[in-house]
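K.L.:
What follows is a structure written as structure tokens; I'll ask about it next.
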Number of protein chains: 4
Amino acid sequence: MARGRKVNSNGEKSKQLLREKAIELFSTNGYYQTKISDIVKAAKVTQPTFYLYFESKDSLFHDLNEQFQQDLFHILEEQLQQQGMQFQKVIENLLQYFASNPLLTKIGLYQSEASYTVKEKLVEKFEQILDGQVENYHNLQRNDIHIVSQSLMGSIERITDTLLLTNRKSAKELAEDLFSIYFVEEAESVVVS
Amino acid sequence: MARGRKVNSNGEKSKQLLREKAIELFSTNGYYQTKISDIVKAAKVTQPTFYLYFESKDSLFHDLNEQFQQDLFHILEEQLQQQGMQFQKVIENLLQYFASNPLLTKIGLYQSEASYTVKEKLVEKFEQILDGQVENYHNLQRNDIHIVSQSLMGSIERITDTLLLTNRKSAKELAEDLFSIYFVEEAESVVVS
Amino acid sequence: MARGRKVNSNGEKSKQLLREKAIELFSTNGYYQTKISDIVKAAKVTQPTFYLYFESKDSLFHDLNEQFQQDLFHILEEQLQQQGMQFQKVIENLLQYFASNPLLTKIGLYQSEASYTVKEKLVEKFEQILDGQVENYHNLQRNDIHIVSQSLMGSIERITDTLLLTNRKSAKELAEDLFSIYFVEEAESVVVS
Amino acid sequence: MARGRKVNSNGEKSKQLLREKAIELFSTNGYYQTKISDIVKAAKVTQPTFYLYFESKDSLFHDLNEQFQQDLFHILEEQLQQQGMQFQKVIENLLQYFASNPLLTKIGLYQSEASYTVKEKLVEKFEQILDGQVENYHNLQRNDIHIVSQSLMGSIERITDTLLLTNRKSAKELAEDLFSIYFVEEAESVVVS
DNA sequence: GATGAATGAGTGTTCATTCAT
DNA sequence: AATGAATGAACACTCATTCAT
């Protein structure tokens with residue numbers, strides 16, 4: 001019966017809470033199996049309150065993906081400007097971001113259709129980096145770069161899901177593991193020859 | 001339109017058509033965005049006809065995944081019994097199956113929640129194989145096997161989606177590529193030493 | 001695939017079988033919870049066969065009720081023509097019919113909307129009989145006849161359902177019981193006075 | 001029509017209205033012939049509004065029966081605790097409740113499958129009462145109690161439907177009538193003897 | 001006489017979204 | 001800032017019935 005503003009209520013707080021609950025639910029149940037009614041129930045507000053802060057279910061989901069992507073490319077941009085930053089370190093920082101934002105990562109990397117674009121862009125970045133460092137990985141032929149980048153993207157994707165976000169391995173360990181799979185052997189064989 | 005049997009109608013054909021259209025739609029739009037009404041429209045029959053051949057939307061989707069999984073493990077089982085079958089060949093045949101069944105693969109590998117289990121099982125198979133062949137890949141330490149298998153799974157997943165199912169590369173080429181990334185260098189360095 | 005007449009098939013037999021199964025199902029599950037598909041499944045024929053012999057679900061149900069009513073009133077008519085037939089015997093014969101046709105009785109007396117009419121007509125008959133025999137039941141005042149008939153109808157209805165059709169008591173016993181409830185005591189008190 | 005809240009709308013009123021219309025329709029047309037669409041049309045709201053207040057068609061129907069049963073047994077319990085309450089008065093109060101709640105009675109006593117249980121329980125109550133009062137009805141032999149109770153149940157059932165709910169006779173009159181049929185004669189014969 | 005195949009017309013239910021307070 | 005109340009637009013599924021063979 002009683003309507004209107006709740007005591008102690010605060011717009012920004014409600015919006016933040018709704019966002020958090022939405023992230024939790026989207027990340028575990030996916031877009032279609034997350035209902036507005038679930039989100040508002042979790043945030044202990046009513047449905048119209050949701051529309052006070054977000055345009056629609058779709059737009060909120062879109063915003064979350066947008067943020068994930070911006071975070072991601074902000075990190076990458078930052079690193080590519082640091083001269084001499086090693087590829088392994090780049091990957092580690094990427095994984096570090098995933099580990100620090102597991103729920104958003106689940107959404108942006110697995111639940112969303114926008115993830116296709118994200119991954120494509122990541123692959124491009126990888127190609128750029130590798131392209132500039134072929135001399136460091138001299139068994140890497142120029143025409144391999146694309147497939148290596150794609151393969152690496154897949155590895156990161158899977159390893160993040162099964163080992164990083166499940167807290168079985170750290171970002172640092174996984175970056176090392178990936179590098180020993182993808183690039184290190186060469187160094188050894190160089191040593192041998 | 002009049003009720004009853006259509007001229008020249010044939011049950012098996014209708015069922016097959018519905019299945020095909022369902023596969024097409026599920027594979028491109030996913031489970032939730034594929035409506036029964038879409039499927040029957042594509043097959044040019046009415047909704048009740050769908051239920052003449054399938055129990056429910058869910059059960060059809062489930063059946064498609066079931067088939068994908070059985071095909072997959074049938075192939076793997078068959079190969080593991082052939083003594084001396086190389087890992088690369090196993091991967092190639094796997095990719096070959098994906099290439100021959102692109103739509104079912106999209107469903108079983110990307111659209112379905114059951115895909116988690118499928119991939120887990122594939123990883124296990126990879127581990128078994130690698131476990132029995134450590135000597136062949138002697139830079140592969142025993143405790144690496146799990147992470148290599150996971151990484152490989154991710155690579156296959158991604159490469160299948162972006163290069164194989166888009167007809168950019170053949171199963172054979174991709175299997176070779178993957179092997180040169182994951183295992184071959186070692187062989188060379190062995191030769192060198 | 002194979003269509004057309006079954007070997008050993010016989011129209012009248014199929015019709016009879018369908019009728020029987022329909023009676024079974026209607027009597028236990030009621031009209032709305034009995035589907036044509038249930039009936040034909042029980043009779044091991046297909047749905048169009050049903051329509052070969054019956055116009056519709058509704059018309060079959062209607063026919064069954066029709067038969068029940070005709071049987072019933074045939075019995076009553078017959079008895080009313082036999083001079084000197086006691087009311088108790090009439091009731092006994094009625095119950096006897098119910099006991100001999102338990103399923104049809106369930107339909108005609110409890111499952112059908114037509115049962116309202118049947119019961120009304122039965123009540124009328126009872127009134128007629130009692131009206132002609134007031135002198136035999138001299139504690140029965142003329143203005144009681146209607147209510148006694150209604151009450152008796154209810155008793156018969158209930159007793160048939162719970163004691164007769166469940167084989168706990170015979171038609172004869174129940175007719176006696178009813179009479180000792182409704183009419184006999186008077187005789188005793190007469191004796192007493 | 002525009003979406004959202006109606007002017008002067010009030011939830012409890014809508015729920016009550018839906019309930020009432022449901023009772024009206026269920027009681028006259030029965031469960032299967034009453035569609036949600038009929039109920040909401042009668043209440044001048046849309047289908048989703050129905051689900052705002054009731055879980056499902058089935059659960060609403062079930063709730064109505066539940067209420068009928070609780071009312072009924074509350075009344076009976078109350079009376080059995082009053083020492084010296086005459087059986088005739090008990091029946092009268094029962095009929096009184098039916099007369100005051102004709103639609104709910106139609107549902108609970110005739111339309112529902114749960115009515116079987118209700119009637120069984122009523123019969124048991126009757127048996128208990130009669131069992132404690134055999135001396136008052138001394139032509140009533142102990143082994144008659146069950147059949148008398150069943151018969152009485154049937155009489156009540158029928159008389160309620162045809163005379164009470166149609167406003168032809170009052171609860172008081174009908175209770176008297178029933179008693180003069182079932183028990184009174186004895187009193188007279190007692191006087192006589 | 002009987003069947004395989006198909007459909008018209010519902011029927012209960014859900015969900016994102018919106019209006020009035 | 002927030003809520004109570006309501007709805008438009010689907011959506012999966014069912015059932016009696018009918019046509020072509």
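Residue numbering restarts at 1 in every chain; chains get A, B, ... in the order shown in the structure tokens, and ligands count up from 1 in that same order.
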Near segment 85-101 of chain C, counting only C-alpha atoms (C1' of nucleotides), which residues have an atom at most 6 Å away, once you skip same-chain residues fewer than 5 positions from it, shown as a list in words?

P.N.:
Ala171, Lys172 and Ala175 of chain C

K.L.:
Excluding DC19 of chain F and any residue of its chain fewer than 3 positions from it, enumerate the residues within 12 Å of it, using only C-alpha atoms (C1' of nucleotides), and give them as a ChimeraX atom specification.

P.N.:
/B:1-9 /C:48 /E:3-7

K.L.:
Check the DSSP output for the backbone and give back, as a PyMOL selection string, the residues of segment 114-183 of chain B in helix (DSSP H, G or I).

P.N.:
chain B and resi 115-131+134-137+142-164+171-183

K.L.:
Counting only C-alpha atoms (C1' of nucleotides), which residues from chain F have an atom at most 12 Å from any atom of chain A, and could you show them as a ChimeraX atom specification?

P.N.:
/F:1-5

K.L.:
Would you put the residues from that selection into a file with C-alpha atoms (C1' of nucleotides), as a PDB file, in the first residue's frame?

P.N.:
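Result saved to part-v2.pdb:
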ATOM      1  C1'  DA F   1      13.013   8.183  -5.382  1.00  0.00           C
ATOM      2  C1'  DA F   2       9.979   4.435  -5.415  1.00  0.00           C
ATOM      3  C1'  DT F   3       5.913   1.512  -5.730  1.00  0.00           C
ATOM      4  C1'  DG F   4       1.243  -0.834  -6.689  1.00  0.00           C
ATOM      5  C1'  DA F   5      -1.231  -2.239 -10.430  1.00  0.00           C
TER       6       DA F   5
END

K.L.:
Give one line per residue of chain E that approaches chain D to at most 8 Å, naming the two atoms of the closest pair and their distance in Å to one decimal, counting only C-alpha atoms (C1' of nucleotides); sort by chain then ascending residue number and deliver it as a Markdown table.

P.N.:
| residue | atom | partner | partner_atom | distance |
| --- | --- | --- | --- | --- |
| E:DT11 | C1' | D:Lys35 | CA | 7.7 |
| E:DG12 | C1' | D:Ile36 | CA | 7.7 |
| E:DT18 | C1' | D:Gly4 | CA | 4.6 |
| E:DC19 | C1' | D:Gly4 | CA | 4.1 |
| E:DA20 | C1' | D:Arg5 | CA | 5.8 |

K.L.:
Any chance you could export the current selection's all heavy atoms as a compact mmCIF listing (two decimals), in the first residue's frame?

P.N.:
# COMPACT_ATOMS: atom_id res chain seq x y z
P DT E 11 -10.58 -23.34 -25.82
OP1 DT E 11 -11.04 -24.74 -25.74
OP2 DT E 11 -11.50 -22.21 -25.62
O5' DT E 11 -9.33 -23.12 -24.83
C5' DT E 11 -8.48 -24.21 -24.56
C4' DT E 11 -7.37 -23.82 -23.61
O4' DT E 11 -6.17 -23.55 -24.38
C3' DT E 11 -7.60 -22.60 -22.72
O3' DT E 11 -7.34 -23.01 -21.39
C2' DT E 11 -6.58 -21.58 -23.22
C1' DT E 11 -5.49 -22.45 -23.82
N1 DT E 11 -4.70 -21.84 -24.91
C2 DT E 11 -3.38 -22.24 -25.08
O2 DT E 11 -2.85 -23.07 -24.36
N3 DT E 11 -2.73 -21.63 -26.11
C4 DT E 11 -3.22 -20.68 -26.96
O4 DT E 11 -2.52 -20.21 -27.85
C5 DT E 11 -4.60 -20.32 -26.74
C7 DT E 11 -5.25 -19.32 -27.61
C6 DT E 11 -5.27 -20.91 -25.74
P DG E 12 -7.63 -21.99 -20.19
OP1 DG E 12 -8.60 -22.64 -19.31
OP2 DG E 12 -7.86 -20.62 -20.67
O5' DG E 12 -6.20 -22.08 -19.49
C5' DG E 12 -5.65 -23.36 -19.26
C4' DG E 12 -4.15 -23.25 -19.05
O4' DG E 12 -3.53 -22.73 -20.24
C3' DG E 12 -3.74 -22.31 -17.91
O3' DG E 12 -2.71 -22.94 -17.16
C2' DG E 12 -3.26 -21.05 -18.64
C1' DG E 12 -2.73 -21.61 -19.95
N9 DG E 12 -2.85 -20.68 -21.09
C8 DG E 12 -3.96 -20.00 -21.48
N7 DG E 12 -3.76 -19.26 -22.53
C5 DG E 12 -2.44 -19.46 -22.86
C6 DG E 12 -1.66 -18.91 -23.93
O6 DG E 12 -1.99 -18.12 -24.81
N1 DG E 12 -0.35 -19.38 -23.90
C2 DG E 12 0.14 -20.27 -22.97
N2 DG E 12 1.43 -20.60 -23.10
N3 DG E 12 -0.57 -20.79 -21.98
C4 DG E 12 -1.86 -20.34 -21.98
P DT E 18 8.30 1.07 -21.93
OP1 DT E 18 8.18 1.59 -23.30
OP2 DT E 18 9.45 1.40 -21.09
O5' DT E 18 6.97 1.47 -21.14
C5' DT E 18 5.72 1.02 -21.65
C4' DT E 18 4.61 1.45 -20.72
O4' DT E 18 4.55 0.57 -19.56
C3' DT E 18 4.74 2.86 -20.15
O3' DT E 18 3.45 3.45 -20.19
C2' DT E 18 5.17 2.64 -18.70
C1' DT E 18 4.41 1.35 -18.40
N1 DT E 18 4.94 0.55 -17.26
C2 DT E 18 4.05 0.06 -16.34
O2 DT E 18 2.85 0.25 -16.41
N3 DT E 18 4.62 -0.68 -15.33
C4 DT E 18 5.96 -0.96 -15.16
O4 DT E 18 6.35 -1.63 -14.22
C5 DT E 18 6.83 -0.41 -16.17
C7 DT E 18 8.30 -0.66 -16.09
C6 DT E 18 6.29 0.31 -17.16
P DC E 19 3.28 5.00 -20.44
OP1 DC E 19 2.78 5.12 -21.81
OP2 DC E 19 4.48 5.73 -19.99
O5' DC E 19 2.09 5.35 -19.44
C5' DC E 19 0.87 4.65 -19.58
C4' DC E 19 0.16 4.57 -18.25
O4' DC E 19 0.90 3.74 -17.33
C3' DC E 19 -0.01 5.92 -17.55
O3' DC E 19 -1.37 6.03 -17.16
C2' DC E 19 0.91 5.83 -16.32
C1' DC E 19 0.90 4.33 -16.05
N1 DC E 19 2.10 3.81 -15.33
C2 DC E 19 1.92 3.10 -14.14
O2 DC E 19 0.79 2.93 -13.70
N3 DC E 19 3.01 2.61 -13.50
C4 DC E 19 4.23 2.80 -14.01
N4 DC E 19 5.27 2.29 -13.34
C5 DC E 19 4.44 3.51 -15.22
C6 DC E 19 3.35 4.01 -15.85
P DA E 20 -2.00 7.40 -16.67
OP1 DA E 20 -3.36 7.47 -17.22
OP2 DA E 20 -1.03 8.49 -16.92
O5' DA E 20 -2.10 7.15 -15.10
C5' DA E 20 -2.87 6.06 -14.64
C4' DA E 20 -2.85 6.02 -13.12
O4' DA E 20 -1.55 5.55 -12.67
C3' DA E 20 -3.05 7.37 -12.44
O3' DA E 20 -3.83 7.12 -11.27
C2' DA E 20 -1.63 7.82 -12.09
C1' DA E 20 -0.96 6.49 -11.79
N9 DA E 20 0.48 6.44 -12.05
C8 DA E 20 1.16 7.01 -13.08
N7 DA E 20 2.45 6.77 -13.06
C5 DA E 20 2.62 5.98 -11.93
C6 DA E 20 3.75 5.40 -11.35
N6 DA E 20 4.98 5.50 -11.86
N1 DA E 20 3.58 4.68 -10.22
C2 DA E 20 2.34 4.56 -9.71
N3 DA E 20 1.20 5.07 -10.17
C4 DA E 20 1.42 5.77 -11.30

K.L.:
In Å, with one decimal, what is the gap from atom CA of Gly154 of chain D to atom CA of Lys21 of chain C?

P.N.:
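That distance, rounded to one decimal, is 29.4 Å.
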
K.L.:
Can you tell me, as a count of residues only, what residues are no more than 10 Å from Ile145 of chain C when counting only C-alpha atoms (C1' of nucleotides), ignoring any on the same chain fewer than 6 positions away?

P.N.:
9

K.L.:
One number please: atom CA of Asp58 of chain C to atom CA of Phe26 of chain C, in Å, one decimal.

P.N.:
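These two atoms are separated by 11.4 Å.
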